[in-house]
Amino acid sequence: MGEDNGGFTDPSDGVLTEAAAVFGLLASPARLHIMWALSQGESDVTRLALGER
């Protein structure tokens, strides 16, 4: 684990690397739109693919 910095522990380099990879996957506007749509509730693949609201 990382070092203690005033009441919280820094994440390890491995955790930071994995988090950066996940956030990198969300860098695409289309992927962000899919995540937004799914956060609004269940949706079928066709609706996601067509970008229907």
# chains A, B, ... in the order shown; residues from 1 in each chain; ligands from 1
call {"tool": "select_by_dssp", "arguments": {"residues": "chain A", "states": "helix (DSSP H, G or I)", "output": "PDB file with N, CA and C atoms, in the first residue's frame"}}
result
ATOM      1  N   ASP A  13       0.696   2.148  -6.797  1.00  0.00           N
ATOM      2  CA  ASP A  13       0.904   2.466  -8.208  1.00  0.00           C
ATOM      3  C   ASP A  13       0.060   1.567  -9.101  1.00  0.00           C
ATOM      4  N   GLY A  14      -0.100   0.303  -8.704  1.00  0.00           N
ATOM      5  CA  GLY A  14      -0.909  -0.621  -9.492  1.00  0.00           C
ATOM      6  C   GLY A  14      -2.371  -0.208  -9.556  1.00  0.00           C
ATOM      7  N   VAL A  15      -2.899   0.226  -8.419  1.00  0.00           N
ATOM      8  CA  VAL A  15      -4.292   0.675  -8.378  1.00  0.00           C
ATOM      9  C   VAL A  15      -4.462   1.920  -9.241  1.00  0.00           C
ATOM     10  N   LEU A  16      -3.521   2.843  -9.154  1.00  0.00           N
ATOM     11  CA  LEU A  16      -3.597   4.056  -9.970  1.00  0.00           C
ATOM     12  C   LEU A  16      -3.508   3.740 -11.466  1.00  0.00           C
ATOM     13  N   THR A  17      -2.670   2.784 -11.813  1.00  0.00           N
ATOM     14  CA  THR A  17      -2.532   2.378 -13.217  1.00  0.00           C
ATOM     15  C   THR A  17      -3.833   1.769 -13.729  1.00  0.00           C
ATOM     16  N   GLU A  18      -4.456   0.904 -12.932  1.00  0.00           N
ATOM     17  CA  GLU A  18      -5.729   0.299 -13.323  1.00  0.00           C
ATOM     18  C   GLU A  18      -6.829   1.355 -13.446  1.00  0.00           C
ATOM     19  N   ALA A  19      -6.876   2.293 -12.509  1.00  0.00           N
ATOM     20  CA  ALA A  19      -7.891   3.353 -12.555  1.00  0.00           C
ATOM     21  C   ALA A  19      -7.700   4.216 -13.797  1.00  0.00           C
ATOM     22  N   ALA A  20      -6.459   4.536 -14.140  1.00  0.00           N
ATOM     23  CA  ALA A  20      -6.185   5.340 -15.326  1.00  0.00           C
ATOM     24  C   ALA A  20      -6.644   4.610 -16.586  1.00  0.00           C
ATOM     25  N   ALA A  21      -6.457   3.294 -16.615  1.00  0.00           N
ATOM     26  CA  ALA A  21      -6.899   2.512 -17.770  1.00  0.00           C
ATOM     27  C   ALA A  21      -8.422   2.547 -17.899  1.00  0.00           C
ATOM     28  N   VAL A  22      -9.122   2.419 -16.783  1.00  0.00           N
ATOM     29  CA  VAL A  22     -10.587   2.459 -16.808  1.00  0.00           C
ATOM     30  C   VAL A  22     -11.061   3.828 -17.274  1.00  0.00           C
ATOM     31  N   PHE A  23     -10.507   4.891 -16.701  1.00  0.00           N
ATOM     32  CA  PHE A  23     -10.917   6.233 -17.113  1.00  0.00           C
ATOM     33  C   PHE A  23     -10.557   6.486 -18.572  1.00  0.00           C
ATOM     34  N   GLY A  24      -9.461   5.911 -19.034  1.00  0.00           N
ATOM     35  CA  GLY A  24      -9.087   6.037 -20.436  1.00  0.00           C
ATOM     36  C   GLY A  24     -10.123   5.407 -21.349  1.00  0.00           C
ATOM     37  N   LEU A  25     -10.718   4.299 -20.920  1.00  0.00           N
ATOM     38  CA  LEU A  25     -11.771   3.652 -21.710  1.00  0.00           C
ATOM     39  C   LEU A  25     -12.989   4.546 -21.848  1.00  0.00           C
ATOM     40  N   PRO A  29     -16.507   9.919 -26.355  1.00  0.00           N
ATOM     41  CA  PRO A  29     -17.859  10.454 -26.142  1.00  0.00           C
ATOM     42  C   PRO A  29     -18.953   9.386 -26.301  1.00  0.00           C
ATOM     43  N   ALA A  30     -18.779   8.475 -27.242  1.00  0.00           N
ATOM     44  CA  ALA A  30     -19.782   7.420 -27.437  1.00  0.00           C
ATOM     45  C   ALA A  30     -19.859   6.509 -26.208  1.00  0.00           C
ATOM     46  N   ARG A  31     -18.725   6.164 -25.640  1.00  0.00           N
ATOM     47  CA  ARG A  31     -18.720   5.315 -24.445  1.00  0.00           C
ATOM     48  C   ARG A  31     -19.324   6.044 -23.252  1.00  0.00           C
ATOM     49  N   LEU A  32     -19.018   7.333 -23.130  1.00  0.00           N
ATOM     50  CA  LEU A  32     -19.612   8.121 -22.043  1.00  0.00           C
ATOM     51  C   LEU A  32     -21.124   8.200 -22.200  1.00  0.00           C
ATOM     52  N   HIS A  33     -21.591   8.312 -23.441  1.00  0.00           N
ATOM     53  CA  HIS A  33     -23.032   8.367 -23.678  1.00  0.00           C
ATOM     54  C   HIS A  33     -23.689   7.049 -23.272  1.00  0.00           C
ATOM     55  N   ILE A  34     -23.063   5.938 -23.575  1.00  0.00           N
ATOM     56  CA  ILE A  34     -23.598   4.627 -23.183  1.00  0.00           C
ATOM     57  C   ILE A  34     -23.661   4.536 -21.665  1.00  0.00           C
ATOM     58  N   MET A  35     -22.598   4.966 -20.976  1.00  0.00           N
ATOM     59  CA  MET A  35     -22.606   4.925 -19.518  1.00  0.00           C
ATOM     60  C   MET A  35     -23.709   5.816 -18.956  1.00  0.00           C
ATOM     61  N   TRP A  36     -23.888   6.991 -19.555  1.00  0.00           N
ATOM     62  CA  TRP A  36     -24.954   7.897 -19.113  1.00  0.00           C
ATOM     63  C   TRP A  36     -26.312   7.234 -19.308  1.00  0.00           C
ATOM     64  N   ALA A  37     -26.530   6.650 -20.494  1.00  0.00           N
ATOM     65  CA  ALA A  37     -27.815   6.004 -20.787  1.00  0.00           C
ATOM     66  C   ALA A  37     -28.088   4.878 -19.800  1.00  0.00           C
ATOM     67  N   LEU A  38     -27.088   4.074 -19.503  1.00  0.00           N
ATOM     68  CA  LEU A  38     -27.280   2.961 -18.574  1.00  0.00           C
ATOM     69  C   LEU A  38     -27.508   3.457 -17.143  1.00  0.00           C
ATOM     70  N   SER A  39     -26.961   4.606 -16.818  1.00  0.00           N
ATOM     71  CA  SER A  39     -27.184   5.142 -15.467  1.00  0.00           C
ATOM     72  C   SER A  39     -28.630   5.609 -15.287  1.00  0.00           C
ATOM     73  N   VAL A  45     -29.849  -3.393 -26.226  1.00  0.00           N
ATOM     74  CA  VAL A  45     -28.703  -3.104 -27.078  1.00  0.00           C
ATOM     75  C   VAL A  45     -29.104  -2.242 -28.272  1.00  0.00           C
ATOM     76  N   THR A  46     -30.265  -2.504 -28.852  1.00  0.00           N
ATOM     77  CA  THR A  46     -30.708  -1.734 -30.000  1.00  0.00           C
ATOM     78  C   THR A  46     -30.861  -0.260 -29.657  1.00  0.00           C
ATOM     79  N   ARG A  47     -31.485   0.010 -28.542  1.00  0.00           N
ATOM     80  CA  ARG A  47     -31.663   1.393 -28.131  1.00  0.00           C
ATOM     81  C   ARG A  47     -30.312   2.065 -27.875  1.00  0.00           C
ATOM     82  N   LEU A  48     -29.397   1.350 -27.238  1.00  0.00           N
ATOM     83  CA  LEU A  48     -28.065   1.919 -27.000  1.00  0.00           C
ATOM     84  C   LEU A  48     -27.340   2.166 -28.315  1.00  0.00           C
ATOM     85  N   ALA A  49     -27.434   1.220 -29.249  1.00  0.00           N
ATOM     86  CA  ALA A  49     -26.739   1.346 -30.512  1.00  0.00           C
ATOM     87  C   ALA A  49     -27.282   2.505 -31.349  1.00  0.00           C
ATOM     88  N   LEU A  50     -28.583   2.735 -31.267  1.00  0.00           N
ATOM     89  CA  LEU A  50     -29.204   3.804 -32.045  1.00  0.00           C
ATOM     90  C   LEU A  50     -29.105   5.150 -31.350  1.00  0.00           C
TER      91      LEU A  50
END
